[in-house]
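> Structure supplied as upload-v4.txt; contents: compact mmCIF, C-alpha atoms.
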# COMPACT_ATOMS: atom_id res chain seq x y z
CA MET A 246 166.36 205.45 152.68
CA ARG A 247 167.06 209.08 151.76
CA LEU A 248 170.64 208.39 150.73
CA ASP A 249 169.86 206.10 147.81
CA VAL A 250 168.00 208.67 145.72
CA ILE A 251 170.51 208.40 142.86
CA LEU A 252 170.13 204.62 142.76
CA ARG A 253 166.35 204.91 142.77
CA VAL A 254 166.21 207.48 139.97
CA ILE A 255 168.72 205.62 137.82
CA SER A 256 167.02 202.25 138.26
CA LYS A 257 163.64 203.82 137.50
CA LEU A 258 165.15 205.21 134.28
CA LEU A 259 166.74 201.86 133.43
CA LEU A 260 163.68 199.67 133.92
CA PRO A 261 161.79 200.48 130.68
CA PHE A 262 164.96 200.00 128.67
CA MET A 263 165.58 196.63 130.32
CA LEU A 264 162.09 195.46 129.44
CA VAL A 265 162.35 196.68 125.85
CA PHE A 266 165.75 195.00 125.58
CA ALA A 267 164.15 191.77 126.80
CA LEU A 268 161.55 192.03 124.04
CA TYR A 269 164.30 192.73 121.50
CA VAL A 270 166.25 189.69 122.67
CA GLN A 271 163.08 187.61 122.49
CA PHE A 272 161.92 188.53 119.01
CA HIS A 273 165.30 189.12 117.40
CA GLY A 274 166.52 185.76 118.66
CA ASP A 275 166.20 184.21 115.21
CA TYR A 276 168.70 186.66 113.73
CA GLY A 277 171.05 187.47 116.58
CA PRO A 278 172.03 186.03 119.93
CA GLY A 279 169.04 185.58 122.21
CA GLY A 280 165.82 183.70 122.66
CA GLY A 281 163.23 182.79 125.23
CA PHE A 282 165.60 181.84 128.05
CA GLN A 283 167.64 185.03 127.90
CA ALA A 284 164.60 187.26 127.56
CA GLY A 285 162.83 185.48 130.42
CA VAL A 286 165.78 185.94 132.73
CA ILE A 287 166.12 189.63 131.75
CA VAL A 288 162.43 190.26 132.50
CA ALA A 289 162.83 188.55 135.87
CA ALA A 290 166.00 190.57 136.58
CA ALA A 291 164.16 193.82 135.83
CA VAL A 292 161.39 193.01 138.30
CA ILE A 293 163.94 191.86 140.88
CA LEU A 294 165.80 195.17 140.49
CA TYR A 295 162.51 196.97 141.08
CA ALA A 296 161.86 194.87 144.17
CA ILE A 297 165.35 195.55 145.55
CA MET A 298 165.15 199.30 144.99
CA PHE A 299 161.53 200.04 145.93
CA GLY A 300 160.69 197.21 148.31
CA LEU A 301 158.98 193.87 147.87
CA ASP A 302 155.48 195.31 148.36
CA ALA A 303 155.85 197.69 145.41
CA ALA A 304 157.01 194.82 143.21
CA LEU A 305 154.15 192.62 144.43
CA GLU A 306 151.74 195.37 143.46
CA ALA A 307 153.22 195.66 139.96
CA VAL A 308 153.55 191.91 139.37
CA PRO A 309 151.29 190.02 141.82
CA VAL A 310 152.14 186.54 143.05
CA ARG A 311 148.96 185.17 141.48
CA VAL A 312 150.06 186.27 138.01
CA VAL A 313 153.54 184.82 138.49
CA GLU A 314 152.20 181.50 139.72
CA ILE A 315 149.89 181.27 136.73
CA MET A 316 152.82 182.02 134.40
CA VAL A 317 154.87 179.07 135.68
CA PRO A 318 152.62 176.33 134.25
CA LEU A 319 151.24 178.53 131.44
CA GLY A 320 154.58 178.56 129.61
CA VAL A 321 154.86 174.78 129.58
CA LEU A 322 151.24 174.65 128.47
CA ILE A 323 151.91 176.98 125.52
CA TYR A 324 154.92 174.91 124.50
CA ALA A 325 153.14 171.58 124.74
CA GLY A 326 150.06 173.19 123.14
CA VAL A 327 152.06 173.95 119.98
CA GLY A 328 153.00 170.27 119.90
CA VAL A 329 149.40 169.17 120.36
CA ALA A 330 148.24 171.63 117.69
CA SER A 331 150.65 170.13 115.18
CA LEU A 332 149.41 166.67 116.20
CA LEU A 333 145.79 167.71 115.58
CA LEU A 334 146.73 169.18 112.18
CA GLY A 335 148.02 165.77 111.15
CA ALA A 336 151.78 165.93 111.64
CA ASN A 337 154.18 164.65 114.29
CA PHE A 338 154.44 166.22 117.76
CA LEU A 339 156.25 169.60 117.49
CA ASP A 340 156.50 169.35 113.69
CA TYR A 341 155.85 172.99 112.78
CA ASP A 342 155.48 172.50 109.02
CA VAL A 343 151.69 172.19 109.18
CA LEU A 344 151.16 175.42 111.14
CA GLY A 345 151.32 177.69 108.08
CA HIS A 346 150.89 177.58 104.33
CA ASP A 347 154.57 178.17 103.58
CA HIS A 348 157.41 176.00 104.88
CA HIS A 349 159.58 178.81 106.23
CA HIS A 350 156.64 180.79 107.65
CA ALA A 351 155.40 177.71 109.47
CA GLN A 352 158.81 177.03 110.96
CA GLU A 353 159.25 180.63 112.11
CA LEU A 354 155.75 180.75 113.56
CA GLY A 355 156.34 177.51 115.46
CA VAL A 356 159.70 178.68 116.79
CA MET A 357 158.21 182.03 117.85
CA LEU A 358 155.31 180.40 119.72
CA VAL A 359 157.61 177.94 121.42
CA GLU A 360 160.00 180.73 122.46
CA ILE A 361 157.08 182.68 123.93
CA GLY A 362 156.24 179.59 125.97
CA VAL A 363 159.83 179.44 127.20
CA LEU A 364 159.80 183.18 128.02
CA VAL A 365 156.62 182.93 130.08
CA SER A 366 157.75 179.83 131.94
CA VAL A 367 161.30 180.96 132.69
CA SER A 368 160.43 184.51 133.77
CA GLY A 369 157.52 183.21 135.87
CA THR A 370 159.64 180.56 137.57
CA MET A 371 162.53 182.91 138.34
CA LEU A 372 160.16 185.50 139.81
CA ALA A 373 158.21 182.92 141.78
CA ILE A 374 161.47 181.62 143.27
CA PHE A 375 162.61 185.17 144.11
CA TYR A 376 159.28 186.02 145.75
CA ALA A 377 159.41 182.80 147.75
CA PHE A 378 162.90 183.60 149.11
CA ALA A 379 162.13 187.28 149.70
CA GLY A 380 158.85 186.43 151.43
CA ARG A 381 160.71 184.22 153.93
CA GLY A 382 162.72 187.18 155.20
CA ARG A 383 159.76 189.07 156.58
CA MET B 241 196.58 183.41 117.73
CA ILE B 242 195.28 186.48 119.60
CA GLU B 243 192.02 184.62 120.27
CA ALA B 244 193.89 181.76 121.91
CA LEU B 245 195.93 184.21 124.00
CA ILE B 246 192.87 186.12 125.30
CA ASN B 247 191.26 182.78 126.06
CA MET B 248 194.26 181.60 128.09
CA VAL B 249 194.51 184.85 130.09
CA LEU B 250 190.80 184.74 130.98
CA LEU B 251 191.03 181.08 131.95
CA THR B 252 193.96 181.84 134.26
CA LEU B 253 191.82 184.54 135.90
CA LEU B 254 189.08 181.93 136.41
CA ALA B 255 191.52 179.59 138.12
CA ALA B 256 192.69 182.44 140.40
CA ILE B 257 189.10 183.26 141.41
CA MET B 258 188.49 179.58 142.08
CA ILE B 259 191.45 179.47 144.50
CA GLY B 260 189.94 182.48 146.28
CA VAL B 261 186.55 180.75 146.54
CA VAL B 262 188.15 177.61 148.00
CA ARG B 263 190.20 179.49 150.60
CA LEU B 264 187.79 182.16 151.85
CA ARG B 265 185.45 181.45 154.75
CA ASN B 266 183.34 184.61 154.56
CA LEU B 267 180.34 183.46 152.53
CA PHE B 268 179.44 186.97 151.38
CA ALA B 269 182.86 187.28 149.74
CA VAL B 270 182.44 183.80 148.26
CA VAL B 271 179.10 184.70 146.66
CA ILE B 272 180.46 187.95 145.21
CA LEU B 273 183.52 186.11 143.88
CA SER B 274 181.31 183.51 142.23
CA SER B 275 179.36 186.36 140.60
CA ALA B 276 182.62 187.77 139.21
CA TYR B 277 183.51 184.25 138.11
CA SER B 278 180.26 184.07 136.14
CA PHE B 279 181.03 187.34 134.35
CA ILE B 280 184.50 186.14 133.41
CA ILE B 281 183.22 182.79 132.18
CA ALA B 282 180.66 184.69 130.09
CA THR B 283 183.56 186.59 128.51
CA VAL B 284 185.37 183.31 127.88
CA LEU B 285 182.24 181.98 126.18
CA ILE B 286 182.17 185.02 123.88
CA VAL B 287 185.79 184.33 122.94
CA LEU B 288 184.75 180.72 122.27
CA ASP B 289 182.00 181.99 119.90
CA ALA B 290 179.11 180.86 122.12
CA VAL B 291 177.31 184.22 122.23
CA ASP B 292 173.90 182.83 123.18
CA VAL B 293 175.38 180.87 126.06
CA ALA B 294 177.42 183.89 127.19
CA MET B 295 174.29 186.04 127.36
CA THR B 296 172.48 183.39 129.40
CA GLU B 297 175.40 182.87 131.76
CA ALA B 298 175.81 186.61 132.36
CA ALA B 299 172.10 187.02 133.12
CA VAL B 300 171.62 183.79 135.09
CA GLY B 301 174.97 183.17 136.79
CA ALA B 302 175.91 186.73 137.65
CA GLY B 303 172.37 188.04 138.11
CA ILE B 304 169.71 185.64 139.34
CA SER B 305 171.81 183.09 141.21
CA THR B 306 173.78 185.81 142.99
CA VAL B 307 170.54 187.46 144.14
CA LEU B 308 169.18 184.10 145.36
CA MET B 309 172.37 183.24 147.22
CA LEU B 310 172.46 186.67 148.87
CA ALA B 311 168.83 186.14 149.91
CA VAL B 312 169.81 182.82 151.52
CA LEU B 313 172.77 184.46 153.29
CA PHE B 314 170.36 187.04 154.68
CA LEU B 315 168.16 184.22 156.00
CA THR B 316 171.08 182.21 157.45
CA LYS B 317 174.65 183.10 158.47
CA THR B 318 177.42 184.75 156.47
CA GLU B 319 180.40 183.20 158.24
CA GLU B 320 181.46 179.63 157.66
CA GLN B 321 182.81 177.64 160.60
CA LYS B 322 186.34 176.31 160.72
CA PRO B 323 186.31 172.77 159.31
CA LYS B 324 186.70 170.17 162.06
CA HIS B 325 188.09 167.38 159.89
CA SER B 326 191.49 167.53 158.32
CA PRO B 327 191.22 168.32 154.60
CA ALA B 328 193.86 165.70 153.72
CA LEU B 329 191.50 163.01 152.43
CA PRO B 330 189.35 165.26 150.16
CA LEU B 331 192.53 166.93 148.90
CA PHE B 332 193.98 163.52 148.06
CA VAL B 333 190.77 162.41 146.28
CA ALA B 334 190.62 165.69 144.30
CA THR B 335 194.29 165.48 143.32
CA VAL B 336 194.07 161.87 142.17
CA THR B 337 190.90 162.62 140.17
CA GLY B 338 192.56 165.66 138.64
CA ILE B 339 195.67 163.75 137.60
CA ALA B 340 193.60 160.95 136.09
CA LEU B 341 191.47 163.45 134.13
CA ILE B 342 194.52 165.39 132.89
CA TYR B 343 196.10 162.13 131.77
CA GLY B 344 192.85 161.48 129.87
CA THR B 345 192.88 164.88 128.16
CA LEU B 346 196.27 164.24 126.52
CA ASP B 347 194.61 162.12 123.85
CA LEU B 348 191.84 164.64 123.10
CA PRO B 349 191.99 166.79 119.94
CA ALA B 350 193.89 170.07 120.26
CA PHE B 351 192.03 173.34 120.94
CA GLY B 352 190.65 175.23 117.96
CA VAL B 353 191.61 172.90 115.12
CA PRO B 354 188.87 172.36 112.50
CA ASP B 355 189.44 168.66 111.70
CA GLN B 356 188.10 166.82 114.73
CA PRO B 357 185.20 164.40 115.14
CA ILE B 358 182.83 166.94 116.76
CA HIS B 359 182.61 168.94 113.52
CA THR B 360 181.64 166.01 111.29
CA HIS B 361 178.16 164.82 112.31
CA VAL B 362 174.97 166.77 113.07
CA GLY B 363 176.78 170.01 113.89
CA ALA B 364 177.91 170.40 110.29
CA TYR B 365 174.47 169.33 109.06
CA TYR B 366 172.72 172.04 111.11
CA LEU B 367 175.12 174.72 109.84
CA GLU B 368 174.52 173.66 106.26
CA LYS B 369 170.75 173.15 106.30
CA SER B 370 169.40 175.60 108.90
CA VAL B 371 168.50 178.44 106.52
CA GLU B 372 167.17 176.07 103.88
CA GLU B 373 165.01 174.00 106.24
CA THR B 374 163.85 176.55 108.81
CA GLY B 375 164.71 180.00 107.42
CA ILE B 376 166.44 180.96 110.68
CA PRO B 377 170.03 182.24 110.39
CA ASN B 378 170.87 181.87 114.10
CA VAL B 379 171.61 178.15 114.14
CA VAL B 380 171.48 177.97 117.95
CA SER B 381 167.86 179.20 117.91
CA SER B 382 166.82 176.86 115.12
CA VAL B 383 168.41 173.81 116.76
CA LEU B 384 167.03 174.76 120.18
CA ALA B 385 163.44 175.36 119.14
CA SER B 386 163.01 173.37 115.96
CA TYR B 387 165.44 170.48 115.45
CA ARG B 388 165.64 169.66 119.14
CA GLY B 389 162.28 170.96 120.28
CA PHE B 390 161.71 167.87 122.42
CA ASP B 391 164.84 168.60 124.48
CA THR B 392 163.70 172.14 125.12
CA LEU B 393 160.20 171.00 126.09
CA GLY B 394 161.71 168.61 128.61
CA GLU B 395 163.99 171.34 129.87
CA THR B 396 161.14 173.82 130.30
CA THR B 397 159.36 171.10 132.26
CA VAL B 398 162.40 170.72 134.52
CA VAL B 399 162.39 174.48 135.21
CA PHE B 400 158.65 174.29 135.93
CA THR B 401 159.15 171.34 138.30
CA ALA B 402 161.98 173.06 140.16
CA GLY B 403 159.82 176.17 140.51
CA ILE B 404 156.98 174.10 141.95
CA GLY B 405 159.45 172.44 144.32
CA VAL B 406 160.73 175.78 145.63
CA LEU B 407 157.18 177.06 146.06
CA LEU B 408 156.23 173.94 148.02
CA LEU B 409 159.29 174.33 150.25
CA LEU B 410 159.18 178.05 150.91
CA ARG B 411 155.79 179.57 150.27
CA ARG B 412 153.84 180.35 153.38
CA ASN B 413 150.33 179.01 153.25
CA ARG B 414 148.04 182.01 153.36
CA ARG B 415 144.99 180.26 154.76
CA ARG B 416 146.61 178.45 157.67
CA ASN B 417 149.00 181.26 158.49
CA GLY B 418 146.45 183.05 160.67
CA LYS B 419 145.98 180.23 163.15
CA ASN B 420 149.31 178.96 164.29
CA GLY B 421 151.98 180.84 162.47
CA GLU B 422 154.30 178.26 160.99
CA THR B 423 152.55 175.11 159.84
CA SER B 424 154.87 173.29 157.40
CA MET C 3 208.80 173.75 122.30
CA ASP C 4 206.87 170.54 122.05
CA PHE C 5 205.74 170.86 125.66
CA LEU C 6 204.64 174.46 125.07
CA GLN C 7 202.50 173.34 122.15
CA THR C 8 200.85 170.67 124.32
CA VAL C 9 200.09 173.30 126.96
CA VAL C 10 198.50 175.67 124.43
CA SER C 11 196.43 172.96 122.78
CA HIS C 12 195.13 171.48 126.06
CA TYR C 13 194.97 174.58 128.28
CA ASN C 14 191.15 174.79 128.16
CA GLN C 15 190.74 171.17 129.20
CA TRP C 16 193.28 171.49 132.00
CA ILE C 17 191.63 174.58 133.43
CA ALA C 18 188.26 172.80 133.17
CA VAL C 19 189.74 169.85 135.10
CA PHE C 20 191.19 172.20 137.73
CA LEU C 21 187.85 173.97 138.21
CA MET C 22 186.08 170.61 138.36
CA VAL C 23 188.29 169.11 141.07
CA SER C 24 188.23 172.38 143.05
CA GLY C 25 184.44 172.24 143.00
CA LEU C 26 184.60 168.59 144.04
CA TYR C 27 186.98 169.51 146.88
CA ILE C 28 184.62 172.23 148.15
CA VAL C 29 181.66 169.84 148.06
CA VAL C 30 183.51 167.12 149.97
CA ALA C 31 185.68 169.08 152.40
CA ARG C 32 183.48 171.98 153.51
CA GLY C 33 180.61 171.51 155.92
CA ASN C 34 178.67 174.70 155.23
CA MET C 35 175.75 174.02 152.91
CA VAL C 36 175.77 177.37 151.08
CA LYS C 37 179.46 176.86 150.40
CA LYS C 38 178.75 173.35 149.15
CA LEU C 39 176.14 174.72 146.74
CA VAL C 40 178.56 177.39 145.47
CA GLY C 41 181.09 174.61 144.90
CA LEU C 42 178.53 172.52 143.05
CA ASN C 43 177.64 175.54 140.91
CA LEU C 44 181.29 176.15 139.99
CA PHE C 45 181.71 172.43 139.28
CA GLN C 46 178.85 172.82 136.82
CA THR C 47 180.42 175.82 135.06
CA SER C 48 183.57 173.78 134.48
CA VAL C 49 181.40 171.35 132.53
CA TYR C 50 180.16 174.27 130.39
CA LEU C 51 183.78 175.08 129.59
CA LEU C 52 184.58 171.46 128.80
CA TYR C 53 181.63 171.24 126.38
CA ILE C 54 182.05 174.57 124.60
CA SER C 55 185.85 174.42 124.10
CA PRO C 56 185.99 171.65 121.45
CA GLY C 57 183.29 173.38 119.39
CA LYS C 58 185.51 176.43 118.85
CA ILE C 59 187.41 176.76 115.58
CA LEU C 60 190.22 179.32 115.70
CA GLY C 61 189.37 182.04 113.18
CA GLY C 62 185.70 181.03 113.11
CA THR C 63 182.67 183.18 113.94
CA PRO C 64 179.60 182.55 116.12
CA PRO C 65 177.06 180.27 114.40
CA ILE C 66 174.80 183.03 113.06
CA LEU C 67 174.80 182.50 109.32
CA ALA C 68 175.66 185.38 107.01
CA ALA C 69 177.00 185.68 103.50
CA GLU C 70 180.32 187.24 104.56
CA PHE C 71 181.50 184.30 106.66
CA ALA C 72 182.37 180.72 105.83
CA VAL C 73 183.81 179.20 109.04
CA TYR C 74 181.46 178.84 112.00
CA SER C 75 182.01 177.25 115.39
CA ASN C 76 179.93 174.18 116.16
CA PRO C 77 176.43 175.18 117.41
CA LEU C 78 175.49 171.85 118.98
CA PRO C 79 177.39 172.23 122.31
CA HIS C 80 175.97 175.76 122.62
CA VAL C 81 172.41 174.42 122.51
CA LEU C 82 173.13 171.71 125.08
CA ILE C 83 174.82 174.11 127.50
CA LEU C 84 172.16 176.80 127.04
CA THR C 85 169.55 174.44 128.44
CA ALA C 86 172.01 173.20 131.08
CA ILE C 87 172.50 176.72 132.48
CA VAL C 88 168.77 177.35 132.98
CA VAL C 89 168.23 173.90 134.49
CA GLY C 90 171.29 174.59 136.67
CA VAL C 91 169.85 177.74 138.19
CA ALA C 92 166.50 176.02 138.75
CA THR C 93 168.12 173.14 140.64
CA LEU C 94 170.40 175.55 142.51
CA SER C 95 167.37 177.45 143.75
CA LEU C 96 165.77 174.18 144.85
CA GLY C 97 168.92 173.40 146.84
CA LEU C 98 168.92 176.88 148.37
CA GLY C 99 165.26 176.41 149.32
CA LEU C 100 166.20 173.20 151.14
CA VAL C 101 169.02 175.07 152.93
CA VAL C 102 166.56 177.73 154.13
CA ARG C 103 164.18 175.06 155.46
CA ILE C 104 167.03 173.18 157.17
CA ASN C 105 168.11 176.42 158.82
CA GLU C 106 164.58 177.02 160.07
CA ALA C 107 164.21 173.50 161.44
CA PHE C 108 167.66 173.07 163.05
CA GLY C 109 169.01 176.60 163.42
CA THR C 110 172.22 175.78 161.61
CA ILE C 111 173.52 175.00 158.14
CA GLU C 112 176.79 173.41 159.26
CA GLU C 113 176.96 169.68 158.59
CA GLU C 114 178.68 168.79 161.88
CA GLU C 115 176.15 170.65 164.05
CA LEU C 116 173.29 169.12 162.07
CA PHE C 117 174.51 165.60 162.79
CA ALA C 118 174.91 166.51 166.46
CA ARG C 119 171.38 167.95 166.70
CA ASP C 120 169.51 165.29 164.74
CA PRO C 121 168.71 162.47 167.17
CA GLU C 122 168.19 159.88 164.46
CA ALA C 123 171.49 160.43 162.66
Can you turn what I pasted into structure tokens?


Amino acid sequence: MRLDVILRVISKLLLPFMLVFALYVQFHGDYGPGGGFQAGVIVAAAVILYAIMFGLDAALEAVPVRVVEIMVPLGVLIYAGVGVASLLLGANFLDYDVLGHDHHHAQELGVMLVEIGVLVSVSGTMLAIFYAFAGRGR
Amino acid sequence: MIEALINMVLLTLLAAIMIGVVRLRNLFAVVILSSAYSFIIATVLIVLDAVDVAMTEAAVGAGISTVLMLAVLFLTKTEEQKPKHSPALPLFVATVTGIALIYGTLDLPAFGVPDQPIHTHVGAYYLEKSVEETGIPNVVSSVLASYRGFDTLGETTVVFTAGIGVLLLLRRNRRRNGKNGETS
Amino acid sequence: MDFLQTVVSHYNQWIAVFLMVSGLYIVVARGNMVKKLVGLNLFQTSVYLLYISPGKILGGTPPILAAEFAVYSNPLPHVLILTAIVVGVATLSLGLGLVVRINEAFGTIEEEELFARDPEA
């Protein structure tokens, strides 16, 4: 445990940058490569790195299982909720045009909300799967 | 031309790694090789202009699935047994399938040429109308989330369902754990 | 010269076919379940290659629209494969979960030993 001090320090330094990069990938996805899937996987990878370097218990304290297991269905709910919202506003399912006053704004708002749903669901699922496998080893 | 050359070199590397994966029996080496394979295929995808897909493959294939497979190796064994059956029949089936498929590819359009059927229908439409209709310059994002939002909803649901399945299979039940250890 | 041209224009498809049949061979010939899943995973990546290759236009750029570029590769296969990758890792993890449970129930992940130990097989 004493020998991996370099790994620990470096990964501790890397973690905030990984999370910020995930946010960049998420919200810059309309203009560059990226989107909800990529950002979700990067968030999950950051937490997994933390769990590998500092132990599963530390990771469970930072991101508890309860939170992760709520995130799994929450993402799908956000996504489908955008569809239902556009239904209630009088358009077709997942037709974003009615979400805002301006055509382009409405489309971008709809895409952003949907991508957030994807982010939450994908990162939650990947972490839940990792916790399930890691928990079996104890 | 240089694009095609880089592409061919990387693809040859992929084939070499694949031969290594088929021949090795140490599963740890196999998992690490498949991680390297994912990185190389991500590079190939960048050469093929699929930057979004390359980013996903590098994060998912080389990151998450490698971690999960290593976790499974930790829980099981890392050495594969010698196969008891002769590999002649599967080798024959694979060879015949391969020859039939390669015969089929001879009629497909050549690599990289612009005038082929795939570029005529909705693909061209998305490229032309994406900025006008959605205001999003990254066409992959606009198709994924707006034009084909239904697909992505279904796909998110599949991820959700698989996550639930893994939790049902692997999660230890906290309440019953105290009594008898493993319930199932 | 003619043959060389055929090789260059179909190299992507041939490598995809080779990766596909190698994956198929691993799935059929090897008894270890983790190895089978790795084979299945590699089989799947060959399909990514097969889908993305025809969308490429030599000299084109990635489909992120900008004023300086006119030729873009086809975005449609990218979208399909993007979702396929994430679904792929989700199903792979489900398979790995089954492997872990099989190992706990039977103490082995080799196909032959499983058949020998399961009284109903």

> With all atoms listed in the file considered, list every residue of chain B at most 6 Å from chain A, as an MDAnalysis selection string.

chainID B and resid 292 296 374:378 381 385 403 410:411

> By how many Å are CA of Met309 (chain B) and CA of Leu39 (chain C) apart?

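Rounded to one decimal, the two atoms are 9.3 Å apart.
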
> Mind dumping a table of every chain C residue within 12 Å of chain A, with the nearest atom pair and its distance in Å to one decimal, using only C-alpha atoms, sorted by chain and rising number, as a Markdown table?


| residue | atom | partner | partner_atom | distance |
| --- | --- | --- | --- | --- |
| C:Pro64 | CA | A:Pro278 | CA | 9.2 |
| C:Pro65 | CA | A:Pro278 | CA | 9.4 |
| C:Ile66 | CA | A:Gly277 | CA | 6.8 |
| C:Leu67 | CA | A:Tyr276 | CA | 8.6 |
| C:Ala68 | CA | A:Tyr276 | CA | 9.8 |
| C:Pro77 | CA | A:Pro278 | CA | 12.0 |
| C:His80 | CA | A:Pro278 | CA | 11.3 |
| C:Val81 | CA | A:Gly280 | CA | 11.4 |
| C:Leu84 | CA | A:Phe282 | CA | 8.3 |
| C:Thr85 | CA | A:Phe282 | CA | 8.4 |
| C:Ala86 | CA | A:Phe282 | CA | 11.2 |
| C:Ile87 | CA | A:Phe282 | CA | 9.7 |
| C:Val88 | CA | A:Phe282 | CA | 7.4 |
| C:Val89 | CA | A:Val367 | CA | 10.1 |
| C:Val91 | CA | A:Met371 | CA | 9.0 |
| C:Ala92 | CA | A:Met371 | CA | 8.0 |
| C:Thr93 | CA | A:Ile374 | CA | 11.1 |
| C:Leu94 | CA | A:Ile374 | CA | 10.8 |
| C:Ser95 | CA | A:Ile374 | CA | 7.2 |
| C:Leu96 | CA | A:Ile374 | CA | 8.7 |
| C:Gly97 | CA | A:Ile374 | CA | 11.7 |
| C:Leu98 | CA | A:Phe378 | CA | 9.1 |
| C:Gly99 | CA | A:Phe378 | CA | 7.6 |
| C:Leu100 | CA | A:Phe378 | CA | 11.1 |
| C:Val101 | CA | A:Phe378 | CA | 11.2 |
| C:Val102 | CA | A:Phe378 | CA | 8.5 |
| C:Arg103 | CA | A:Arg381 | CA | 9.9 |
| C:Asn105 | CA | A:Arg381 | CA | 11.8 |
| C:Glu106 | CA | A:Arg381 | CA | 10.2 |

> Measure the distance from CA of Leu354 (chain A) to CA of Val313 (chain A) in Å and round it to one decimal.

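That distance, rounded to one decimal, is 25.4 Å.
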
> Using only C-alpha atoms for the distances, tell me which of C:Phe117, C:Trp16, C:Phe5, C:Tyr53 is nearest to chain B.

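Distance minimum relative to chain B lands on C:Trp16.
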
> Could you add N, CA, C and O atoms to region 76-88 of chain C and give me the result as an mmCIF file, in the frame of the given file?


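As a result, part-v2.cif now contains:
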data_model
loop_
_atom_site.group_PDB
_atom_site.id
_atom_site.type_symbol
_atom_site.label_atom_id
_atom_site.label_comp_id
_atom_site.auth_asym_id
_atom_site.auth_seq_id
_atom_site.Cartn_x
_atom_site.Cartn_y
_atom_site.Cartn_z
ATOM 1 N N ASN C 76 180.989 175.194 116.114
ATOM 2 C CA ASN C 76 179.930 174.180 116.160
ATOM 3 C C ASN C 76 178.780 174.620 117.068
ATOM 4 O O ASN C 76 179.003 174.908 118.242
ATOM 5 N N PRO C 77 177.538 174.683 116.577
ATOM 6 C CA PRO C 77 176.430 175.180 117.410
ATOM 7 C C PRO C 77 175.876 174.150 118.388
ATOM 8 O O PRO C 77 175.200 174.518 119.343
ATOM 9 N N LEU C 78 176.155 172.880 118.179
ATOM 10 C CA LEU C 78 175.490 171.850 118.980
ATOM 11 C C LEU C 78 175.818 171.956 120.473
ATOM 12 O O LEU C 78 174.892 171.958 121.300
ATOM 13 N N PRO C 79 177.110 172.081 120.868
ATOM 14 C CA PRO C 79 177.390 172.230 122.310
ATOM 15 C C PRO C 79 176.724 173.468 122.898
ATOM 16 O O PRO C 79 176.294 173.440 124.064
ATOM 17 N N HIS C 80 176.595 174.545 122.102
ATOM 18 C CA HIS C 80 175.970 175.760 122.620
ATOM 19 C C HIS C 80 174.530 175.478 123.039
ATOM 20 O O HIS C 80 174.081 175.921 124.091
ATOM 21 N N VAL C 81 173.813 174.721 122.198
ATOM 22 C CA VAL C 81 172.410 174.420 122.510
ATOM 23 C C VAL C 81 172.317 173.602 123.793
ATOM 24 O O VAL C 81 171.503 173.886 124.678
ATOM 25 N N LEU C 82 173.187 172.582 123.897
ATOM 26 C CA LEU C 82 173.130 171.710 125.080
ATOM 27 C C LEU C 82 173.410 172.501 126.346
ATOM 28 O O LEU C 82 172.725 172.356 127.366
ATOM 29 N N ILE C 83 174.427 173.380 126.294
ATOM 30 C CA ILE C 83 174.820 174.110 127.500
ATOM 31 C C ILE C 83 173.817 175.210 127.831
ATOM 32 O O ILE C 83 173.578 175.504 129.000
ATOM 33 N N LEU C 84 173.190 175.783 126.784
ATOM 34 C CA LEU C 84 172.160 176.800 127.040
ATOM 35 C C LEU C 84 171.056 176.240 127.926
ATOM 36 O O LEU C 84 170.652 176.856 128.919
ATOM 37 N N THR C 85 170.581 175.035 127.594
ATOM 38 C CA THR C 85 169.550 174.440 128.440
ATOM 39 C C THR C 85 170.127 174.051 129.798
ATOM 40 O O THR C 85 169.457 174.191 130.815
ATOM 41 N N ALA C 86 171.410 173.618 129.808
ATOM 42 C CA ALA C 86 172.010 173.200 131.080
ATOM 43 C C ALA C 86 172.087 174.356 132.067
ATOM 44 O O ALA C 86 171.886 174.166 133.267
ATOM 45 N N ILE C 87 172.367 175.581 131.570
ATOM 46 C CA ILE C 87 172.500 176.720 132.480
ATOM 47 C C ILE C 87 171.164 177.002 133.168
ATOM 48 O O ILE C 87 171.098 177.197 134.384
ATOM 49 N N VAL C 88 170.068 177.005 132.389
ATOM 50 C CA VAL C 88 168.770 177.350 132.980
ATOM 51 C C VAL C 88 168.320 176.253 133.944
ATOM 52 O O VAL C 88 167.809 176.545 135.040
#
